[in-house]
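Okay, so here's the structure we're looking at.
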Amino acid sequence: MPKYSLQKRIFALSLFFMLIPLVLFTTFNIFTSIKKVEDNYKSSLVFGMKKIGSVMETVFKDVDQASLFALVDPKINHFLQEQFQEETAYESSLEMGAVYNSLNYLKNTNQYIQSIQIEGVNGQGLSNGFFPKSITKEDWERAAQLRGQSLWDVDEEVITLPKKKEKYIYQSRLLRDFGNTSKTVGVIKIYLNTDAFQELFTNEEADNTSYFIVDTSGEVQYTSIQKNGPGRLEEPIPYEQLKSHQGGAFAIERNNSELYAAPYYINQNGWIVYSLSIPAAIQKQLRDSLIQLFVLAVLCFIFCFVIAGSISRRMCRPLENIIRHMKLLEKEQFSTRVEVHGNDEISMLARQFNKMAQKIQSLIEEVYLVNIRKKELELRALQAQVNPHFLYNTLDMIYWTAKVENAPETSDMINSLSNFFRQALSGEDGFTTIENEIEHLRYYVVLRQQSKKPFDFDLNVDHTLLSCRVIKSVLQPLVENAIIHGIRDIDDGKIQVDIFASGDNIVYIIADNGQGIDVLDMNTLLDRTEENNRGFGIKNINDRIQLMYGKEYGIHFENVTGGGAKVTVIQPRKEWSLHGEADDRG
């Protein structure tokens, strides 16, 4: 199973639940963007078509006004109904010139008028500009049916160039006698300048839009096909559909492609002009929007990835901390504990681990204590095999022999050695009094001072503590350690031992003026013994004190300012009694 697989699962789950709203948000934005782009595109088509439609509506209105002007012009009215046989040629030419000037005025004041024709009931006719077809009998009949209303239509298949047929939009109406409106005096026919329409359409929109004008029957009467715009539809858009969407825009399907139409209704004649567009702009805007959404989605995914990683690490960090402490516990560091924060399940697991570690440490200490007791029993068994009286008698005999042979120094050493052993082998429970501990130390110092490098020894003791019960064999090993490792290589060595009370405790201070110690190294030796048994003595003393009294007691090391080292031993103050051991453990 891969390491931290739980973290990977949490990461994957967190990323999954964060990606769900991201996907929904992205999908919603895609559809929203499509709708927004489409609406914006339709709005732009409608806006452009309103400008073109208003211009065209003005054009049709101006043409209608021009025909009404001809209707009330007295010169035109007189020209169309009077006979000129009695007039001279000069008079006729003057009257025709006046009428011609009126027609030119109407044409020249409107760029969308291509030509104007008039024909009267008297057979007189006049025109200006290019007119594709003359006024026919059919024009008279159709105009008569409308009784003075304007007629809008197209002259189809007008040949202007070889093999080229065109359509021309025109308006015609009956001209009435303004003095007697029931009397018809003629017909007027006005052709529109479609070239001006083409310029209007070309300047308005892009190449992908074409324009169409349809009459009330839905027949396409004019087309303006742009370079990249759609051509004339094989299936024209129905007039009713265009009228129902006037002032708006809608999409149609032709030849498996989507086109957009924006119609404008012309009130003067009911015709409709509309634009037909290939939505290239939509595609570009959608592409840009999708690119932006894609970049945003990638950034959001990276953000979700980082957040999911942070969540998984944050959730698994307490578990990793527990695993790390479990490895420390596996390496026999039984004092390790997990720092606990909160009340969640992982915190409960950490508390259970701490309880387990505490239990294991307690069991280990109990086993260690049992082993200590076992070693004590083995030592006592060994001591029982040695006859103390035999040792004492032998040393006593050697002492008197040295006296007889006049060797006082030898006799003093043997006497001190005899007393040293007597103190060392006395007692059976691991405890003694401070008085006995001091006496044992004195015999050892006497023996050590016989060396080639003598040293000064000073002992200060609070005599009220002499009867107090303490751990046995503490002072002598520490003084021995100070002599061997502290002052052995100097000529003016000194050992200072102070024993005093501090509150409810008894304090030993063993100080020397030697080279000092490595405090960190000495503290390390209190926890473990090296392979060559270095540090066994001080660890044994410290363990015995702490096993009897607790972790707050034991040995402490420090260096003395100016040179030397100081060892402090703290034990609780216990008066000697027959039940002392039971009291201490109780």
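Scheme for the structure tokens: letters A, B, ... for chains in order shown; per-chain residue numbers from 1; ligand numbers from 1 in order shown.
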
Quick one: residues within 7 Å of region 469-475 of chain A, only C-alpha atoms counted, chain neighbours fewer than 4 positions away excluded, as a list in words?
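Using only C-alpha atoms, the neighbours found are Gly430, Phe431, Thr432, Thr433, Ile434, Glu437, Leu441, Val479, Ile541, Ile545, Lys574, Glu575 and Trp576 of chain A.
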
Store the residues of this selection in a file with N, CA and C atoms, as a PDB file, in the first residue's frame.
ATOM      1  N   GLY A 430      19.670  -1.222  50.851  1.00  0.00           N
ATOM      2  CA  GLY A 430      20.039  -0.162  49.904  1.00  0.00           C
ATOM      3  C   GLY A 430      19.994   1.212  50.520  1.00  0.00           C
ATOM      4  N   PHE A 431      19.695   1.345  51.783  1.00  0.00           N
ATOM      5  CA  PHE A 431      19.618   2.646  52.444  1.00  0.00           C
ATOM      6  C   PHE A 431      20.632   2.694  53.574  1.00  0.00           C
ATOM      7  N   THR A 432      20.980   3.919  53.947  1.00  0.00           N
ATOM      8  CA  THR A 432      21.873   4.147  55.078  1.00  0.00           C
ATOM      9  C   THR A 432      21.581   5.524  55.626  1.00  0.00           C
ATOM     10  N   THR A 433      22.364   5.956  56.615  1.00  0.00           N
ATOM     11  CA  THR A 433      22.229   7.309  57.149  1.00  0.00           C
ATOM     12  C   THR A 433      23.303   8.186  56.535  1.00  0.00           C
ATOM     13  N   ILE A 434      23.083   9.499  56.648  1.00  0.00           N
ATOM     14  CA  ILE A 434      24.095  10.437  56.142  1.00  0.00           C
ATOM     15  C   ILE A 434      25.390  10.271  56.932  1.00  0.00           C
ATOM     16  N   GLU A 437      27.162   7.386  55.448  1.00  0.00           N
ATOM     17  CA  GLU A 437      27.608   7.744  54.109  1.00  0.00           C
ATOM     18  C   GLU A 437      28.867   8.599  54.188  1.00  0.00           C
ATOM     19  N   LEU A 441      32.760   7.735  53.052  1.00  0.00           N
ATOM     20  CA  LEU A 441      33.505   8.639  52.176  1.00  0.00           C
ATOM     21  C   LEU A 441      34.871   8.966  52.782  1.00  0.00           C
ATOM     22  N   VAL A 479      32.470  11.405  44.350  1.00  0.00           N
ATOM     23  CA  VAL A 479      33.779  11.974  44.711  1.00  0.00           C
ATOM     24  C   VAL A 479      34.879  11.271  43.926  1.00  0.00           C
ATOM     25  N   ILE A 541      23.321   5.415  40.026  1.00  0.00           N
ATOM     26  CA  ILE A 541      22.928   6.244  41.173  1.00  0.00           C
ATOM     27  C   ILE A 541      21.632   6.993  40.871  1.00  0.00           C
ATOM     28  N   ILE A 545      17.882   6.520  42.748  1.00  0.00           N
ATOM     29  CA  ILE A 545      17.183   7.609  43.438  1.00  0.00           C
ATOM     30  C   ILE A 545      15.788   7.819  42.850  1.00  0.00           C
ATOM     31  N   LYS A 574      14.218  12.177  54.785  1.00  0.00           N
ATOM     32  CA  LYS A 574      13.517  11.101  55.482  1.00  0.00           C
ATOM     33  C   LYS A 574      14.280  10.767  56.763  1.00  0.00           C
ATOM     34  N   GLU A 575      13.561  10.870  57.870  1.00  0.00           N
ATOM     35  CA  GLU A 575      14.205  10.494  59.131  1.00  0.00           C
ATOM     36  C   GLU A 575      14.287   8.979  59.224  1.00  0.00           C
ATOM     37  N   TRP A 576      15.324   8.496  59.841  1.00  0.00           N
ATOM     38  CA  TRP A 576      15.532   7.054  59.950  1.00  0.00           C
ATOM     39  C   TRP A 576      14.498   6.447  60.869  1.00  0.00           C
TER      40      TRP A 576
END

Identify, on the basis of only C-alpha atoms, every residue whose closest approach to Gly554 (chain A) does not exceed 7 Å; exclude the query and any residue fewer than 3 positions from it along the same chain; express the result as a ChimeraX atom specification.
/A:542,545-546,569-571

Store the residues picked out above in a file with N, CA, C and O atoms, as an mmCIF file, in the first residue's frame.
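After the write, part.cif holds the following:
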data_model
loop_
_atom_site.group_PDB
_atom_site.id
_atom_site.type_symbol
_atom_site.label_atom_id
_atom_site.label_comp_id
_atom_site.auth_asym_id
_atom_site.auth_seq_id
_atom_site.Cartn_x
_atom_site.Cartn_y
_atom_site.Cartn_z
ATOM 1 N N ASN A 542 21.585 7.618 39.705
ATOM 2 C CA ASN A 542 20.398 8.395 39.346
ATOM 3 C C ASN A 542 19.159 7.511 39.253
ATOM 4 O O ASN A 542 18.072 7.883 39.704
ATOM 5 N N ILE A 545 17.882 6.520 42.748
ATOM 6 C CA ILE A 545 17.183 7.609 43.438
ATOM 7 C C ILE A 545 15.788 7.819 42.850
ATOM 8 O O ILE A 545 14.794 7.929 43.575
ATOM 9 N N GLN A 546 15.721 7.838 41.509
ATOM 10 C CA GLN A 546 14.422 8.108 40.864
ATOM 11 C C GLN A 546 13.464 6.940 40.998
ATOM 12 O O GLN A 546 12.245 7.146 41.046
ATOM 13 N N VAL A 569 23.059 16.531 43.983
ATOM 14 C CA VAL A 569 22.193 15.368 44.199
ATOM 15 C C VAL A 569 21.076 15.791 45.142
ATOM 16 O O VAL A 569 21.337 16.357 46.207
ATOM 17 N N ILE A 570 19.845 15.519 44.742
ATOM 18 C CA ILE A 570 18.687 15.902 45.546
ATOM 19 C C ILE A 570 17.918 14.645 45.920
ATOM 20 O O ILE A 570 17.579 13.837 45.058
ATOM 21 N N GLN A 571 17.645 14.495 47.223
ATOM 22 C CA GLN A 571 16.815 13.396 47.740
ATOM 23 C C GLN A 571 15.827 13.981 48.733
ATOM 24 O O GLN A 571 16.075 15.036 49.320
#

From CA of Val99 (chain A) to CA of Ser182 (chain A) the spacing works out at 22.6 Å

Give me, as a ChimeraX atom specification, all polymer residues having an atom no more than 9 Å from Asn481 (chain A), counting only C-alpha atoms and skipping those fewer than 5 positions away in the same chain.
/A:476,486,537-538

Leaving out region 276-281 of chain A and any residue of its chain fewer than 2 positions from it, which residues lie within 8 Å of it when counting only C-alpha atoms, given as a short mmCIF file (atom, residue, chain, number, x, y, z; two decimals) with all heavy atoms, in the first residue's frame?
data_model
loop_
_atom_site.label_atom_id
_atom_site.label_comp_id
_atom_site.auth_asym_id
_atom_site.auth_seq_id
_atom_site.Cartn_x
_atom_site.Cartn_y
_atom_site.Cartn_z
N TYR A 41 -25.36 39.94 -30.43
CA TYR A 41 -25.29 39.95 -31.89
C TYR A 41 -26.65 40.35 -32.48
O TYR A 41 -26.71 41.16 -33.42
CB TYR A 41 -24.87 38.57 -32.38
CG TYR A 41 -24.69 38.49 -33.88
CD1 TYR A 41 -23.61 39.11 -34.50
CD2 TYR A 41 -25.59 37.78 -34.68
CE1 TYR A 41 -23.44 39.04 -35.87
CE2 TYR A 41 -25.42 37.71 -36.05
CZ TYR A 41 -24.34 38.33 -36.63
OH TYR A 41 -24.18 38.26 -37.99
N ASN A 208 -20.37 40.06 -44.24
CA ASN A 208 -21.12 38.82 -44.06
C ASN A 208 -22.62 39.05 -43.93
O ASN A 208 -23.34 38.18 -43.46
CB ASN A 208 -20.61 38.08 -42.82
CG ASN A 208 -20.70 38.92 -41.56
OD1 ASN A 208 -21.07 40.08 -41.63
ND2 ASN A 208 -20.37 38.34 -40.43
N THR A 209 -23.10 40.22 -44.34
CA THR A 209 -24.53 40.55 -44.25
C THR A 209 -25.06 40.99 -45.61
O THR A 209 -24.46 41.84 -46.27
CB THR A 209 -24.77 41.66 -43.21
OG1 THR A 209 -24.26 41.24 -41.95
CG2 THR A 209 -26.26 41.96 -43.08
N SER A 210 -26.17 40.42 -46.01
CA SER A 210 -26.86 40.82 -47.24
C SER A 210 -28.21 41.40 -46.87
O SER A 210 -28.72 41.17 -45.76
CB SER A 210 -27.03 39.63 -48.19
OG SER A 210 -25.77 39.12 -48.60
N TYR A 211 -28.83 42.17 -47.85
CA TYR A 211 -30.08 42.86 -47.56
C TYR A 211 -31.11 42.54 -48.64
O TYR A 211 -30.78 42.36 -49.82
CB TYR A 211 -29.85 44.38 -47.50
CG TYR A 211 -28.96 44.77 -46.36
CD1 TYR A 211 -27.59 44.81 -46.53
CD2 TYR A 211 -29.49 45.07 -45.12
CE1 TYR A 211 -26.76 45.16 -45.49
CE2 TYR A 211 -28.67 45.42 -44.06
CZ TYR A 211 -27.30 45.46 -44.24
OH TYR A 211 -26.49 45.80 -43.20
N PHE A 212 -32.35 42.49 -48.19
CA PHE A 212 -33.46 42.13 -49.08
C PHE A 212 -34.65 43.01 -48.77
O PHE A 212 -34.89 43.38 -47.61
CB PHE A 212 -33.85 40.65 -48.90
CG PHE A 212 -32.71 39.69 -49.11
CD1 PHE A 212 -31.85 39.36 -48.06
CD2 PHE A 212 -32.49 39.12 -50.36
CE1 PHE A 212 -30.81 38.47 -48.25
CE2 PHE A 212 -31.44 38.24 -50.55
CZ PHE A 212 -30.59 37.91 -49.50
N GLY A 229 -21.51 37.66 -47.73
CA GLY A 229 -22.81 37.44 -47.14
C GLY A 229 -23.56 36.31 -47.83
O GLY A 229 -23.16 35.80 -48.88
N PRO A 230 -24.69 35.91 -47.27
CA PRO A 230 -25.49 34.85 -47.87
C PRO A 230 -26.17 35.32 -49.16
O PRO A 230 -26.49 36.51 -49.32
CB PRO A 230 -26.52 34.52 -46.79
CG PRO A 230 -26.63 35.78 -45.98
CD PRO A 230 -25.27 36.40 -46.00
N GLU A 258 -26.86 28.07 -39.95
CA GLU A 258 -27.72 29.01 -39.22
C GLU A 258 -27.48 30.41 -39.74
O GLU A 258 -26.33 30.86 -39.88
CB GLU A 258 -27.44 28.94 -37.72
CG GLU A 258 -28.44 29.72 -36.88
CD GLU A 258 -28.19 29.54 -35.40
OE1 GLU A 258 -27.02 29.71 -34.99
OE2 GLU A 258 -29.14 29.23 -34.66
N LEU A 259 -28.57 31.11 -40.02
CA LEU A 259 -28.52 32.50 -40.46
C LEU A 259 -29.40 33.33 -39.52
O LEU A 259 -30.33 32.82 -38.89
CB LEU A 259 -29.03 32.64 -41.90
CG LEU A 259 -28.28 31.85 -42.98
CD1 LEU A 259 -28.99 32.01 -44.31
CD2 LEU A 259 -26.82 32.30 -43.08
N TYR A 260 -29.09 34.63 -39.45
CA TYR A 260 -29.86 35.54 -38.60
C TYR A 260 -30.50 36.61 -39.47
O TYR A 260 -29.83 37.24 -40.30
CB TYR A 260 -28.97 36.19 -37.55
CG TYR A 260 -28.65 35.28 -36.39
CD1 TYR A 260 -27.59 34.38 -36.46
CD2 TYR A 260 -29.44 35.30 -35.24
CE1 TYR A 260 -27.31 33.54 -35.41
CE2 TYR A 260 -29.16 34.46 -34.18
CZ TYR A 260 -28.10 33.58 -34.27
OH TYR A 260 -27.82 32.75 -33.23
N ALA A 261 -31.81 36.81 -39.26
CA ALA A 261 -32.56 37.81 -40.01
C ALA A 261 -33.07 38.88 -39.05
O ALA A 261 -33.52 38.58 -37.94
CB ALA A 261 -33.74 37.16 -40.74
N ALA A 262 -32.98 40.16 -39.53
CA ALA A 262 -33.48 41.29 -38.74
C ALA A 262 -34.37 42.14 -39.64
O ALA A 262 -33.88 42.88 -40.49
CB ALA A 262 -32.31 42.11 -38.19
N TYR A 274 -35.06 43.65 -44.77
CA TYR A 274 -34.42 42.87 -43.70
C TYR A 274 -32.99 42.51 -44.10
O TYR A 274 -32.64 42.44 -45.28
CB TYR A 274 -35.22 41.61 -43.37
CG TYR A 274 -35.24 40.54 -44.44
CD1 TYR A 274 -34.30 39.50 -44.46
CD2 TYR A 274 -36.23 40.54 -45.43
CE1 TYR A 274 -34.34 38.51 -45.43
CE2 TYR A 274 -36.28 39.56 -46.40
CZ TYR A 274 -35.32 38.55 -46.40
OH TYR A 274 -35.35 37.57 -47.36
N GLN A 283 -19.36 33.46 -33.89
CA GLN A 283 -18.36 32.41 -33.77
C GLN A 283 -17.06 32.96 -33.19
O GLN A 283 -16.44 32.34 -32.33
CB GLN A 283 -18.11 31.78 -35.14
CG GLN A 283 -19.34 31.08 -35.71
CD GLN A 283 -19.16 30.68 -37.16
OE1 GLN A 283 -18.10 30.90 -37.74
NE2 GLN A 283 -20.21 30.10 -37.75
N LYS A 284 -16.65 34.15 -33.64
CA LYS A 284 -15.42 34.75 -33.11
C LYS A 284 -15.58 35.11 -31.64
O LYS A 284 -14.71 34.83 -30.80
CB LYS A 284 -15.06 36.00 -33.92
CG LYS A 284 -13.76 36.66 -33.48
CD LYS A 284 -13.46 37.87 -34.34
CE LYS A 284 -12.15 38.51 -33.92
NZ LYS A 284 -12.12 38.90 -32.50
N GLN A 285 -16.73 35.74 -31.30
CA GLN A 285 -16.96 36.11 -29.90
C GLN A 285 -17.05 34.88 -29.02
O GLN A 285 -16.54 34.87 -27.89
CB GLN A 285 -18.22 36.95 -29.79
CG GLN A 285 -18.11 38.32 -30.43
CD GLN A 285 -19.38 39.13 -30.28
OE1 GLN A 285 -20.10 38.99 -29.29
NE2 GLN A 285 -19.67 39.95 -31.26
#

Please list as an MDAnalysis selection string every residue within 10 Å of Lys355 (chain A), counting only C-alpha atoms and excluding residues in the same chain fewer than 6 positions away.
chainID A and resid 337 349 361

Would you return as a PyMOL selection string the members of region 182-236 of chain A that DSSP assigns to strand (DSSP E or B) on this structure's backbone?
chain A and resi 182-192+209-214+220-224

In Å, with one decimal, what is the gap from CA of Ser312 (chain A) to CA of Ser347 (chain A)?
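Rounded to one decimal, the two atoms are 16.4 Å apart.
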
Write down as a ChimeraX atom specification the residues belonging to region 92-188 of chain A that are assigned helix (DSSP H, G or I) by DSSP computed on the backbone.
/A:92-108,137-146

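The two atoms in question, CA of Glu141 (chain A) and CA of Thr184 (chain A), are spaced 12.3 Å apart.
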
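For the residues A:His325, A:Arg9, A:Lys189, A:Arg254, ranking by smallest atom-to-atom distance to Met356 (chain A) using only C-alpha atoms places A:His325 first.
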
Of the candidates A:Val461, A:Ala357, A:Gly309, A:Lys183, which shows the shortest atom-to-atom distance to Ile322 (chain A), using only C-alpha atoms?
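That would be A:Ala357, the residue with the smallest distance to Ile322 (chain A).
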
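Non-sequential neighbours of Ala501 (chain A) (distance at most 10 Å, separation of 4 or more positions within a chain, only C-alpha atoms) are Val461, Asp462, Thr464, Leu465, Asn505, Ile506, Val507, Tyr508, Ile570, Gln571, Pro572 and Arg573 of chain A.
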
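The residue set within 12 Å of Ile30 (chain A), counting only C-alpha atoms and dropping same-chain residues fewer than 2 places from it, reads Val23, Leu24, Phe25, Thr26, Thr27, Phe28, Thr32, Ser33, Ile34, Lys35, Lys36, Val37, Gln285, Leu286, Arg287, Asp288, Ser289, Leu290, Ile291, Gln292, Leu293, Phe294, Leu296 and Ala297 of chain A.
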
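Comparing the minimum interatomic distances between Ser467 (chain A) and each of A:Ser244, A:Thr58, A:Asn436, A:Gln226, counting only C-alpha atoms, we find that A:Asn436 sits nearest.
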